Each structure stands twice: as structure tokens, then as C-alpha cells.
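K.L.:
Hey, dropping upload.txt in here, compact mmCIF, C-alpha atoms:
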# COMPACT_ATOMS: atom_id res chain seq x y z
CA MET A 1 -13.37 -53.72 -19.52
CA LEU A 2 -14.95 -57.11 -18.78
CA PHE A 3 -15.54 -55.97 -15.19
CA ILE A 4 -17.30 -52.77 -16.36
CA LYS A 5 -19.30 -54.64 -19.00
CA ASP A 6 -20.56 -57.22 -16.50
CA LEU A 7 -21.22 -54.68 -13.73
CA PRO A 8 -24.93 -54.03 -14.59
CA ASN A 9 -25.61 -57.78 -14.40
CA LYS A 10 -23.89 -57.94 -11.03
CA ILE A 11 -26.03 -55.03 -9.82
CA ASN A 12 -29.19 -56.86 -10.98
CA ILE A 13 -28.09 -59.79 -8.81
CA LEU A 14 -27.59 -57.37 -5.93
CA ILE A 15 -31.15 -56.03 -6.34
CA THR A 16 -32.49 -59.60 -6.19
CA ILE A 17 -30.50 -60.27 -3.02
CA ILE A 18 -31.84 -57.08 -1.41
CA GLU A 19 -35.38 -58.25 -2.15
CA GLN A 20 -34.62 -61.56 -0.42
CA TYR A 21 -33.51 -59.71 2.71
CA ASP A 22 -36.95 -58.08 3.06
CA ASP A 23 -38.32 -60.74 5.43
CA LYS A 24 -35.16 -60.69 7.55
CA MET A 25 -35.42 -56.92 7.93
CA LYS A 26 -39.09 -57.16 8.95
CA ALA A 27 -38.05 -59.59 11.70
CA VAL A 28 -35.93 -56.92 13.43
CA LEU A 29 -37.58 -53.69 12.25
CA PRO A 30 -41.14 -52.38 12.04
CA ASP A 31 -42.82 -53.41 8.78
CA GLU A 32 -43.14 -49.89 7.36
CA MET A 33 -39.50 -49.06 8.16
CA ALA A 34 -38.26 -52.34 6.67
CA VAL A 35 -40.27 -51.82 3.47
CA THR A 36 -39.07 -48.22 3.15
CA ILE A 37 -35.40 -49.12 3.68
CA ASN A 38 -35.63 -52.04 1.26
CA LYS A 39 -37.34 -49.89 -1.37
CA GLU A 40 -34.79 -47.09 -1.05
CA LEU A 41 -31.92 -49.55 -1.35
CA GLN A 42 -33.42 -51.06 -4.49
CA ASN A 43 -34.02 -47.61 -5.99
CA PHE A 44 -30.45 -46.54 -5.24
CA VAL A 45 -28.92 -49.67 -6.74
CA ALA A 46 -31.23 -49.49 -9.78
CA THR A 47 -30.25 -45.85 -10.35
CA LEU A 48 -26.60 -46.84 -10.10
CA ARG A 49 -27.16 -49.61 -12.67
CA ASP A 50 -28.96 -47.27 -15.07
CA SER A 51 -26.21 -44.66 -14.74
CA ILE A 52 -23.49 -47.18 -15.54
CA THR A 53 -25.46 -48.51 -18.50
CA HIS A 54 -26.01 -44.95 -19.76
CA TYR A 55 -22.41 -43.77 -19.42
CA PHE A 56 -20.98 -46.86 -21.11
CA SER A 57 -23.61 -47.05 -23.85
CA VAL A 58 -22.63 -47.28 -27.52
CA GLN A 59 -24.08 -43.82 -28.15
CA ASN A 60 -21.95 -42.17 -25.46
CA ILE A 61 -18.81 -43.98 -26.53
CA THR A 62 -19.50 -42.88 -30.12
CA GLU A 63 -19.96 -39.28 -28.97
CA VAL A 64 -16.67 -39.38 -27.07
CA VAL A 65 -14.82 -40.77 -30.09
CA SER A 66 -16.44 -38.21 -32.42
CA SER A 67 -15.44 -35.36 -30.07
CA LEU A 68 -11.77 -36.34 -30.12
CA PRO A 69 -10.90 -34.33 -33.29
CA GLY A 70 -12.38 -31.17 -31.75
CA PHE A 71 -10.54 -31.83 -28.50
CA ILE A 72 -7.26 -32.34 -30.35
CA ILE A 73 -7.76 -29.10 -32.30
CA SER A 74 -8.53 -27.19 -29.07
CA LEU A 75 -5.46 -28.71 -27.42
CA VAL A 76 -3.24 -27.68 -30.34
CA VAL A 77 -4.64 -24.12 -30.26
CA PHE A 78 -4.04 -23.95 -26.51
CA LEU A 79 -0.45 -25.18 -26.86
CA VAL A 80 0.26 -22.70 -29.65
CA ALA A 81 -1.23 -19.86 -27.57
CA LEU A 82 0.84 -20.98 -24.57
CA PHE A 83 3.99 -21.06 -26.71
CA LEU A 84 3.32 -17.53 -28.06
CA PHE A 85 2.64 -16.28 -24.53
CA MET A 86 5.96 -17.73 -23.34
CA LEU A 87 7.72 -15.87 -26.18
CA GLU A 88 6.18 -12.64 -24.86
CA ILE A 89 7.29 -13.20 -21.27
CA PRO A 90 10.60 -11.25 -21.68
CA ASN A 91 8.67 -8.26 -23.08
CA ILE A 92 6.13 -8.42 -20.25
CA HIS A 93 8.99 -8.72 -17.78
CA ASN A 94 10.72 -5.63 -19.19
CA PHE A 95 7.46 -3.65 -19.21
CA ILE A 96 6.81 -4.39 -15.53
CA LYS A 97 10.43 -3.66 -14.59
CA LYS A 98 10.27 -0.32 -16.41
CA HIS A 99 7.28 0.87 -14.36
CA LEU A 100 8.43 -0.24 -10.92
CA TYR A 101 10.98 1.09 -8.48
CA PRO A 102 14.02 -1.23 -8.11
CA SER A 103 13.09 -2.19 -4.54
CA THR A 104 9.46 -2.89 -5.52
CA TYR A 105 10.59 -4.86 -8.55
CA ARG A 106 12.84 -7.07 -6.43
CA GLU A 107 10.00 -7.90 -4.04
CA VAL A 108 7.52 -8.56 -6.88
CA PHE A 109 10.04 -10.77 -8.66
CA LYS A 110 10.65 -12.67 -5.40
CA ILE A 111 6.90 -13.31 -5.04
CA TYR A 112 6.66 -14.37 -8.69
CA ASN A 113 9.50 -16.88 -8.31
CA LYS A 114 8.06 -18.23 -5.07
CA ILE A 115 4.63 -18.80 -6.63
CA GLY A 116 6.20 -20.41 -9.73
CA HIS A 117 8.25 -22.84 -7.64
CA SER A 118 5.20 -23.63 -5.50
CA ILE A 119 3.03 -24.43 -8.54
CA ILE A 120 5.69 -26.78 -9.87
CA GLY A 121 5.97 -28.35 -6.43
CA MET A 122 2.19 -28.76 -6.24
CA LEU A 123 2.04 -30.51 -9.62
CA THR A 124 4.95 -32.75 -8.64
CA ALA A 125 3.27 -33.60 -5.32
CA SER A 126 0.01 -34.49 -7.10
CA ILE A 127 1.85 -36.83 -9.49
CA VAL A 128 3.73 -38.49 -6.61
CA LEU A 129 0.56 -38.97 -4.55
CA SER A 130 -1.34 -40.40 -7.51
CA PHE A 131 1.49 -42.80 -8.31
CA ILE A 132 1.71 -43.98 -4.68
CA THR A 133 -2.06 -44.56 -4.58
CA TRP A 134 -1.92 -46.56 -7.82
CA VAL A 135 0.99 -48.69 -6.53
CA PHE A 136 -0.83 -49.47 -3.25
CA THR A 137 -4.03 -50.30 -5.15
CA TYR A 138 -2.38 -52.46 -7.80
CA VAL A 139 -0.26 -54.42 -5.31
CA GLY A 140 -3.26 -54.86 -3.01
CA LEU A 141 -5.46 -56.20 -5.81
CA LEU A 142 -2.69 -58.55 -6.92
CA ILE A 143 -2.36 -59.91 -3.38
CA ILE A 144 -6.14 -60.33 -3.14
CA GLY A 145 -6.11 -62.14 -6.51
CA VAL A 146 -8.60 -59.96 -8.37
CA ASP A 147 -8.90 -60.52 -12.12
CA SER A 148 -7.84 -57.59 -14.34
CA ALA A 149 -6.07 -56.01 -11.34
CA PHE A 150 -4.10 -53.61 -13.56
CA VAL A 151 -7.18 -52.20 -15.34
CA ILE A 152 -9.22 -51.93 -12.13
CA SER A 153 -6.33 -50.24 -10.31
CA LEU A 154 -6.12 -47.64 -13.10
CA PHE A 155 -9.87 -47.03 -12.82
CA ILE A 156 -9.58 -46.64 -9.02
CA TRP A 157 -6.62 -44.30 -9.55
CA PHE A 158 -8.80 -42.15 -11.82
CA ILE A 159 -11.53 -42.05 -9.15
CA ASP A 160 -8.89 -41.12 -6.58
CA LEU A 161 -8.16 -37.94 -8.52
CA LEU A 162 -11.57 -36.71 -7.36
CA PRO A 163 -10.95 -35.54 -3.79
CA ILE A 164 -14.62 -35.64 -2.81
CA ILE A 165 -14.86 -39.33 -3.71
CA GLY A 166 -11.38 -40.80 -3.47
CA ALA A 167 -10.28 -44.39 -4.05
CA THR A 168 -12.29 -45.65 -1.07
CA GLY A 169 -15.43 -44.32 -2.76
CA LEU A 170 -15.15 -47.36 -5.02
CA THR A 171 -13.42 -49.98 -2.87
CA ILE A 172 -15.81 -49.73 0.09
CA PRO A 173 -19.04 -50.18 -1.98
CA TRP A 174 -17.26 -53.04 -3.77
CA ALA A 175 -16.49 -54.64 -0.40
CA ILE A 176 -20.12 -54.28 0.72
CA TYR A 177 -21.31 -55.81 -2.54
CA ALA A 178 -18.89 -58.75 -2.16
CA TYR A 179 -20.14 -59.38 1.37
CA ILE A 180 -23.81 -59.26 0.33
CA VAL A 181 -23.39 -61.67 -2.59
CA GLY A 182 -21.75 -64.23 -0.31
CA ASP A 183 -18.01 -63.55 -0.60
CA PRO A 184 -17.11 -62.21 2.87
CA THR A 185 -13.40 -63.01 2.38
CA LEU A 186 -13.16 -60.65 -0.59
CA GLY A 187 -15.22 -58.08 1.32
CA ILE A 188 -12.84 -58.13 4.30
CA GLN A 189 -9.79 -57.95 2.02
CA LEU A 190 -11.23 -54.93 0.21
CA ILE A 191 -12.05 -53.23 3.52
CA ILE A 192 -8.43 -53.75 4.64
CA LEU A 193 -7.23 -52.33 1.30
CA SER A 194 -9.58 -49.34 1.75
CA ILE A 195 -8.17 -48.66 5.22
CA ILE A 196 -4.61 -48.84 3.89
CA LEU A 197 -5.43 -46.45 1.02
CA LEU A 198 -7.18 -44.04 3.38
CA VAL A 199 -4.39 -44.06 5.97
CA GLN A 200 -1.55 -43.64 3.47
CA ARG A 201 -3.43 -40.80 1.79
CA LYS A 202 -4.14 -38.93 5.02
CA ILE A 203 -0.56 -39.37 6.24
CA LEU A 204 1.30 -38.62 3.01
CA GLU A 205 -0.95 -35.95 1.46
CA PRO A 206 -0.21 -33.05 3.87
CA LYS A 207 3.47 -34.05 4.12
CA ILE A 208 4.10 -34.33 0.37
CA PHE A 209 1.98 -31.30 -0.51
CA GLY A 210 3.59 -29.29 2.29
CA THR A 211 7.10 -30.19 1.14
CA GLY A 212 6.24 -29.49 -2.50
CA VAL A 213 4.66 -26.09 -1.97
CA GLY A 214 6.79 -24.95 0.98
CA LEU A 215 4.11 -25.16 3.68
CA THR A 216 3.89 -27.16 6.87
CA PRO A 217 1.36 -30.05 6.88
CA LEU A 218 -1.32 -28.46 9.10
CA PRO A 219 -1.78 -25.19 7.12
CA THR A 220 -1.66 -27.23 3.90
CA LEU A 221 -4.41 -29.55 5.13
CA ILE A 222 -6.58 -26.64 6.33
CA SER A 223 -6.15 -24.71 3.05
CA MET A 224 -7.03 -27.80 0.99
CA PHE A 225 -10.14 -28.42 3.12
CA ILE A 226 -11.35 -24.80 2.91
CA GLY A 227 -10.62 -24.63 -0.83
CA LEU A 228 -12.47 -27.90 -1.39
CA LYS A 229 -15.53 -26.66 0.49
CA LEU A 230 -15.61 -23.28 -1.28
CA LEU A 231 -14.58 -24.15 -4.84
CA GLY A 232 -14.94 -27.92 -5.11
CA PHE A 233 -12.27 -29.90 -6.96
CA LEU A 234 -10.47 -26.77 -8.19
CA GLY A 235 -10.29 -25.41 -4.65
CA PHE A 236 -8.26 -28.45 -3.62
CA PHE A 237 -5.35 -26.87 -5.51
CA VAL A 238 -6.33 -23.19 -5.29
CA GLY A 239 -6.46 -23.27 -1.48
CA PRO A 240 -2.74 -24.03 -0.95
CA LEU A 241 -1.81 -21.68 -3.82
CA PHE A 242 -3.77 -18.82 -2.20
CA LEU A 243 -2.06 -19.57 1.12
CA ILE A 244 1.33 -19.48 -0.62
CA ILE A 245 0.56 -16.03 -2.06
CA ILE A 246 -0.45 -14.70 1.37
CA LYS A 247 2.60 -16.26 3.04
CA THR A 248 4.95 -14.87 0.40
CA ILE A 249 3.47 -11.36 0.64
CA LEU A 250 3.79 -11.41 4.43
CA GLU A 251 7.40 -12.62 4.23
CA SER A 252 8.24 -9.93 1.67
CA GLY A 253 7.28 -7.17 4.12
CA PHE A 254 4.54 -5.65 1.96
CA ILE A 255 2.20 -6.01 4.93
CA LYS A 256 3.66 -5.21 8.33
CA THR A 257 2.87 -7.82 10.98
CA ASP A 258 5.42 -6.89 13.64
CA PHE A 259 2.90 -5.10 15.84
CA LYS A 260 1.82 -5.58 19.45
CA ILE A 261 -1.55 -5.17 21.18
Please lay out the structure from this file as C-alpha cells.
P.N.:
Amino acid sequence: MLFIKDLPNKINILITIIEQYDDKMKAVLPDEMAVTINKELQNFVATLRDSITHYFSVQNITEVVSSLPGFIISLVVFLVALFLFMLEIPNIHNFIKKHLYPSTYREVFKIYNKIGHSIIGMLTASIVLSFITWVFTYVGLLIIGVDSAFVISLFIWFIDLLPIIGATGLTIPWAIYAYIVGDPTLGIQLIILSIILLVQRKILEPKIFGTGVGLTPLPTLISMFIGLKLLGFLGFFVGPLFLIIIKTILESGFIKTDFKI
């Protein structure tokens, strides 16, 4: 929390340093280009500072705390509804079985089981990947010697849950900031940590997701990419699930694929 609290002050220092680099930029770039780049950098950093100050303001924290009772009530209602739905599953199962031919029922039940196992595998894979990322981050920060390594690693882990940003979306800007303020050693260490996090994620993600959902790494990676582009964060999980449904239907024989051209 001390790191977050002091972050706006650190960003103010960064803005001052950017201003000092104005003359150096003019020495290697045309004046208008140097002024424009410097101005845009200052605006970007100032916007970042204002956003952090806004999100961690007393008013927002108060609103979050005051919304907790409503969230808890909604969660309880959802859990009760889920429990009642699970009680109705045998009746739904019998209703579907009653209106299907035995052969059709067997194929539908096979697809249902396959999708259920794949969803469980997907959730398990997400938990495993998140835990591995947190371990790498925490150990890396401990080796670097960063204060409050545990808290910062948890914050980076939370950012890593967002596939568009990822853990490196925080560690790389942090490394750049460290280099600018005159701590190149920390900057290089954070860049190395970023590379390690990126490599382990790209290597393990398709493998773990593929094993969990029953797909090979390449189709898993392609489905996650397409889902992410079409549906955003939700598509990251929907993409492989949609591919599982298609694969299961094809394997069940509902759609004939044994043709020749």
C-alpha cells in the first residue's frame, strides 16, 4: 500500500525528469518534434498520475466499501439460485431423455460430459497459470530486493489476469521509470523479470490450457487469440470452449466429415 500511496509523487518526479530531457532531445531531433514528443510524454504521465489518484481516492474507496453489502447480497442470491438449479438438474435430465431417441441421447450426453470436463479443466488451468505467474513474480522481486515484494507480486498477479495487459504491462513501465530516475540496475533486473514472465507464460499457457481442455497447444492458442480479438477478456475463455464444442460434435458423428473432393 505504501508503494501505491507514494506512486503519484514518484510520477511527479518523472514529469520533472522528462522536462529536463527537453534540451537533450532538441540536440538530436528537430525542435518542433522534440517539443511535441516531450509534451505528449508529460501529458501521458500526468494522465496516469491523475488516474491513480482518482482510483485510490477516499471517495472511491468509500464507495467500494459501501457497495460491499449489496455485492454480498447479490452473491448470496446467485449461490441460492445456483443451488436450486442444481437440485433441478435430475428433472431436466429426465425431461431431455424422455424426448430423445436412445442413440441421440447417448451422443448428447457424451457432448455434455465432454464440455463439463473441459470447463473444469479450463478453470484448473487458469488457477495453475495464475499461481505459476505469482510464484515467478514473487521470487523475482525477492531476488531483486524490492520492498513489499509480496504485496506488489499480488498486484502484478491481478494485472496478469487481464490478458490484454498481462504482468509485463506493469513490470516494463516500472523498469523504464527506474532507468529514467537513475536506477539502471533495477531497470535491467525488471526487464529480465519481464522477459522471464513473458516466456514462461507463452510456453506454459497453450500447454496447460491444451492439457486441461483436451486440445493441442496450437488450436488452443489460435482459439484464445480469436476469442480475445472478438469478445475481449471473456473471449479468452469462450474461444477454447467454442472449439471444444465443435470438436466434440465432429467426433460424435453429428456432422459427417469423411468425404473426399
K.L.:
Hey, can you pull every residue with an atom no more than 12 Å from (7.3, -16.5, -6.8), using all atoms listed in the file, and send it as a tab-separated table (two decimals) with C-alpha atoms, in the frame of the given file?
P.N.:
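The resulting file, point.tsv, is reproduced below:
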chain	number	residue	atom	x	y	z
A	106	ARG	CA	12.84	-7.07	-6.43
A	107	GLU	CA	10.00	-7.90	-4.04
A	108	VAL	CA	7.52	-8.56	-6.88
A	109	PHE	CA	10.04	-10.77	-8.66
A	110	LYS	CA	10.65	-12.67	-5.40
A	111	ILE	CA	6.90	-13.31	-5.04
A	112	TYR	CA	6.66	-14.37	-8.69
A	113	ASN	CA	9.50	-16.88	-8.31
A	114	LYS	CA	8.06	-18.23	-5.07
A	115	ILE	CA	4.63	-18.80	-6.63
A	116	GLY	CA	6.20	-20.41	-9.73
A	117	HIS	CA	8.25	-22.84	-7.64
A	118	SER	CA	5.20	-23.63	-5.50
A	119	ILE	CA	3.03	-24.43	-8.54
A	120	ILE	CA	5.69	-26.78	-9.87
A	121	GLY	CA	5.97	-28.35	-6.43
A	213	VAL	CA	4.66	-26.09	-1.97
A	214	GLY	CA	6.79	-24.95	0.98
A	241	LEU	CA	-1.81	-21.68	-3.82
A	244	ILE	CA	1.33	-19.48	-0.62
A	245	ILE	CA	0.56	-16.03	-2.06
A	246	ILE	CA	-0.45	-14.70	1.37
A	247	LYS	CA	2.60	-16.26	3.04
A	248	THR	CA	4.95	-14.87	0.40
A	249	ILE	CA	3.47	-11.36	0.64
A	251	GLU	CA	7.40	-12.62	4.23
A	252	SER	CA	8.24	-9.93	1.67
K.L.:
Distance atom CA of Ile203 of chain A-atom CA of Ala149 of chain A, one decimal place?
P.N.:
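Here the two named atoms are 24.8 Å from each other.
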K.L.:
(-12.3, -53.7, 5.3) in this file's frame - what residues fall within 12 Å of it? Use all atoms listed in the file and give the answer as a list in words.
P.N.:
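Nearby residues: Thr168, Thr171, Ile172, Pro173, Trp174, Ala175, Ile176, Ala178, Tyr179, Pro184, Thr185, Leu186, Gly187, Ile188, Gln189, Leu190, Ile191, Ile192, Leu193, Ser194, Ile195, Ile196, Leu197 and Leu198 of chain A.
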K.L.:
In Å, rounded to a single decimal, give me how far atom CA of Glu205 of chain A is from atom CA of Ile132 of chain A.
P.N.:
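Going from atom CA of Ile132 of chain A over to atom CA of Glu205 of chain A, I get 10.5 Å.
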K.L.:
Just add all heavy atoms to segment 102-113 of chain A and send it as a PDB file, in the frame of the given file.
P.N.:
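Output below, filename result_7.pdb:
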ATOM      1  N   PRO A 102      13.156  -0.037  -8.262  1.00  0.00           N
ATOM      2  CA  PRO A 102      14.020  -1.230  -8.110  1.00  0.00           C
ATOM      3  C   PRO A 102      13.667  -2.083  -6.893  1.00  0.00           C
ATOM      4  O   PRO A 102      13.638  -3.313  -6.977  1.00  0.00           O
ATOM      5  CB  PRO A 102      15.421  -0.630  -7.992  1.00  0.00           C
ATOM      6  CG  PRO A 102      15.339   0.655  -8.737  1.00  0.00           C
ATOM      7  CD  PRO A 102      13.943   1.182  -8.480  1.00  0.00           C
ATOM      8  N   SER A 103      13.419  -1.431  -5.750  1.00  0.00           N
ATOM      9  CA  SER A 103      13.090  -2.190  -4.540  1.00  0.00           C
ATOM     10  C   SER A 103      11.756  -2.926  -4.697  1.00  0.00           C
ATOM     11  O   SER A 103      11.621  -4.089  -4.297  1.00  0.00           O
ATOM     12  CB  SER A 103      13.019  -1.255  -3.331  1.00  0.00           C
ATOM     13  OG  SER A 103      12.040  -0.234  -3.537  1.00  0.00           O
ATOM     14  N   THR A 104      10.764  -2.257  -5.300  1.00  0.00           N
ATOM     15  CA  THR A 104       9.460  -2.890  -5.520  1.00  0.00           C
ATOM     16  C   THR A 104       9.586  -4.034  -6.509  1.00  0.00           C
ATOM     17  O   THR A 104       8.988  -5.098  -6.327  1.00  0.00           O
ATOM     18  CB  THR A 104       8.457  -1.860  -6.071  1.00  0.00           C
ATOM     19  OG1 THR A 104       8.390  -0.737  -5.191  1.00  0.00           O
ATOM     20  CG2 THR A 104       7.069  -2.483  -6.193  1.00  0.00           C
ATOM     21  N   TYR A 105      10.396  -3.818  -7.540  1.00  0.00           N
ATOM     22  CA  TYR A 105      10.590  -4.860  -8.550  1.00  0.00           C
ATOM     23  C   TYR A 105      11.208  -6.117  -7.928  1.00  0.00           C
ATOM     24  O   TYR A 105      10.796  -7.239  -8.250  1.00  0.00           O
ATOM     25  CB  TYR A 105      11.479  -4.333  -9.676  1.00  0.00           C
ATOM     26  CG  TYR A 105      11.930  -5.412 -10.627  1.00  0.00           C
ATOM     27  CD1 TYR A 105      11.070  -5.930 -11.585  1.00  0.00           C
ATOM     28  CD2 TYR A 105      13.230  -5.933 -10.547  1.00  0.00           C
ATOM     29  CE1 TYR A 105      11.486  -6.936 -12.450  1.00  0.00           C
ATOM     30  CE2 TYR A 105      13.643  -6.931 -11.405  1.00  0.00           C
ATOM     31  CZ  TYR A 105      12.771  -7.416 -12.347  1.00  0.00           C
ATOM     32  OH  TYR A 105      13.184  -8.408 -13.190  1.00  0.00           O
ATOM     33  N   ARG A 106      12.188  -5.921  -7.060  1.00  0.00           N
ATOM     34  CA  ARG A 106      12.840  -7.070  -6.430  1.00  0.00           C
ATOM     35  C   ARG A 106      11.843  -7.890  -5.600  1.00  0.00           C
ATOM     36  O   ARG A 106      11.860  -9.128  -5.626  1.00  0.00           O
ATOM     37  CB  ARG A 106      14.000  -6.602  -5.549  1.00  0.00           C
ATOM     38  CG  ARG A 106      15.232  -6.188  -6.331  1.00  0.00           C
ATOM     39  CD  ARG A 106      16.433  -6.049  -5.422  1.00  0.00           C
ATOM     40  NE  ARG A 106      16.247  -4.983  -4.431  1.00  0.00           N
ATOM     41  CZ  ARG A 106      16.603  -3.722  -4.629  1.00  0.00           C
ATOM     42  NH1 ARG A 106      17.161  -3.362  -5.780  1.00  0.00           N
ATOM     43  NH2 ARG A 106      16.416  -2.822  -3.697  1.00  0.00           N
ATOM     44  N   GLU A 107      10.980  -7.193  -4.866  1.00  0.00           N
ATOM     45  CA  GLU A 107      10.000  -7.900  -4.040  1.00  0.00           C
ATOM     46  C   GLU A 107       8.954  -8.616  -4.907  1.00  0.00           C
ATOM     47  O   GLU A 107       8.570  -9.750  -4.623  1.00  0.00           O
ATOM     48  CB  GLU A 107       9.295  -6.909  -3.099  1.00  0.00           C
ATOM     49  CG  GLU A 107      10.213  -6.260  -2.074  1.00  0.00           C
ATOM     50  CD  GLU A 107      10.867  -7.286  -1.168  1.00  0.00           C
ATOM     51  OE1 GLU A 107      10.264  -8.365  -0.952  1.00  0.00           O
ATOM     52  OE2 GLU A 107      11.975  -7.022  -0.671  1.00  0.00           O
ATOM     53  N   VAL A 108       8.496  -7.936  -5.983  1.00  0.00           N
ATOM     54  CA  VAL A 108       7.520  -8.560  -6.880  1.00  0.00           C
ATOM     55  C   VAL A 108       8.118  -9.785  -7.563  1.00  0.00           C
ATOM     56  O   VAL A 108       7.471 -10.833  -7.703  1.00  0.00           O
ATOM     57  CB  VAL A 108       7.024  -7.542  -7.934  1.00  0.00           C
ATOM     58  CG1 VAL A 108       6.178  -8.235  -8.999  1.00  0.00           C
ATOM     59  CG2 VAL A 108       6.213  -6.435  -7.263  1.00  0.00           C
ATOM     60  N   PHE A 109       9.374  -9.652  -7.989  1.00  0.00           N
ATOM     61  CA  PHE A 109      10.040 -10.770  -8.660  1.00  0.00           C
ATOM     62  C   PHE A 109      10.232 -11.945  -7.690  1.00  0.00           C
ATOM     63  O   PHE A 109      10.131 -13.109  -8.082  1.00  0.00           O
ATOM     64  CB  PHE A 109      11.399 -10.303  -9.195  1.00  0.00           C
ATOM     65  CG  PHE A 109      12.051 -11.293 -10.112  1.00  0.00           C
ATOM     66  CD1 PHE A 109      11.522 -11.555 -11.366  1.00  0.00           C
ATOM     67  CD2 PHE A 109      13.193 -11.981  -9.714  1.00  0.00           C
ATOM     68  CE1 PHE A 109      12.119 -12.470 -12.222  1.00  0.00           C
ATOM     69  CE2 PHE A 109      13.794 -12.901 -10.560  1.00  0.00           C
ATOM     70  CZ  PHE A 109      13.260 -13.149 -11.813  1.00  0.00           C
ATOM     71  N   LYS A 110      10.500 -11.627  -6.414  1.00  0.00           N
ATOM     72  CA  LYS A 110      10.650 -12.670  -5.400  1.00  0.00           C
ATOM     73  C   LYS A 110       9.338 -13.433  -5.226  1.00  0.00           C
ATOM     74  O   LYS A 110       9.315 -14.662  -5.141  1.00  0.00           O
ATOM     75  CB  LYS A 110      11.079 -12.052  -4.075  1.00  0.00           C
ATOM     76  CG  LYS A 110      11.379 -13.072  -2.986  1.00  0.00           C
ATOM     77  CD  LYS A 110      11.581 -12.393  -1.637  1.00  0.00           C
ATOM     78  CE  LYS A 110      12.754 -11.429  -1.686  1.00  0.00           C
ATOM     79  NZ  LYS A 110      12.997 -10.815  -0.355  1.00  0.00           N
ATOM     80  N   ILE A 111       8.216 -12.683  -5.172  1.00  0.00           N
ATOM     81  CA  ILE A 111       6.900 -13.310  -5.040  1.00  0.00           C
ATOM     82  C   ILE A 111       6.590 -14.170  -6.265  1.00  0.00           C
ATOM     83  O   ILE A 111       6.089 -15.300  -6.152  1.00  0.00           O
ATOM     84  CB  ILE A 111       5.812 -12.236  -4.852  1.00  0.00           C
ATOM     85  CG1 ILE A 111       6.017 -11.515  -3.517  1.00  0.00           C
ATOM     86  CG2 ILE A 111       4.414 -12.849  -4.904  1.00  0.00           C
ATOM     87  CD1 ILE A 111       5.081 -10.339  -3.305  1.00  0.00           C
ATOM     88  N   TYR A 112       6.908 -13.643  -7.441  1.00  0.00           N
ATOM     89  CA  TYR A 112       6.660 -14.370  -8.690  1.00  0.00           C
ATOM     90  C   TYR A 112       7.423 -15.701  -8.710  1.00  0.00           C
ATOM     91  O   TYR A 112       6.875 -16.751  -9.061  1.00  0.00           O
ATOM     92  CB  TYR A 112       7.075 -13.486  -9.871  1.00  0.00           C
ATOM     93  CG  TYR A 112       7.087 -14.190 -11.206  1.00  0.00           C
ATOM     94  CD1 TYR A 112       5.909 -14.416 -11.906  1.00  0.00           C
ATOM     95  CD2 TYR A 112       8.293 -14.624 -11.763  1.00  0.00           C
ATOM     96  CE1 TYR A 112       5.920 -15.060 -13.139  1.00  0.00           C
ATOM     97  CE2 TYR A 112       8.317 -15.265 -12.991  1.00  0.00           C
ATOM     98  CZ  TYR A 112       7.128 -15.484 -13.673  1.00  0.00           C
ATOM     99  OH  TYR A 112       7.149 -16.118 -14.879  1.00  0.00           O
ATOM    100  N   ASN A 113       8.694 -15.650  -8.342  1.00  0.00           N
ATOM    101  CA  ASN A 113       9.500 -16.880  -8.310  1.00  0.00           C
ATOM    102  C   ASN A 113       8.971 -17.871  -7.292  1.00  0.00           C
ATOM    103  O   ASN A 113       8.926 -19.080  -7.551  1.00  0.00           O
ATOM    104  CB  ASN A 113      10.964 -16.547  -7.987  1.00  0.00           C
ATOM    105  CG  ASN A 113      11.717 -16.034  -9.199  1.00  0.00           C
ATOM    106  OD1 ASN A 113      11.338 -16.304 -10.331  1.00  0.00           O
ATOM    107  ND2 ASN A 113      12.779 -15.280  -8.971  1.00  0.00           N
TER     108      ASN A 113
END
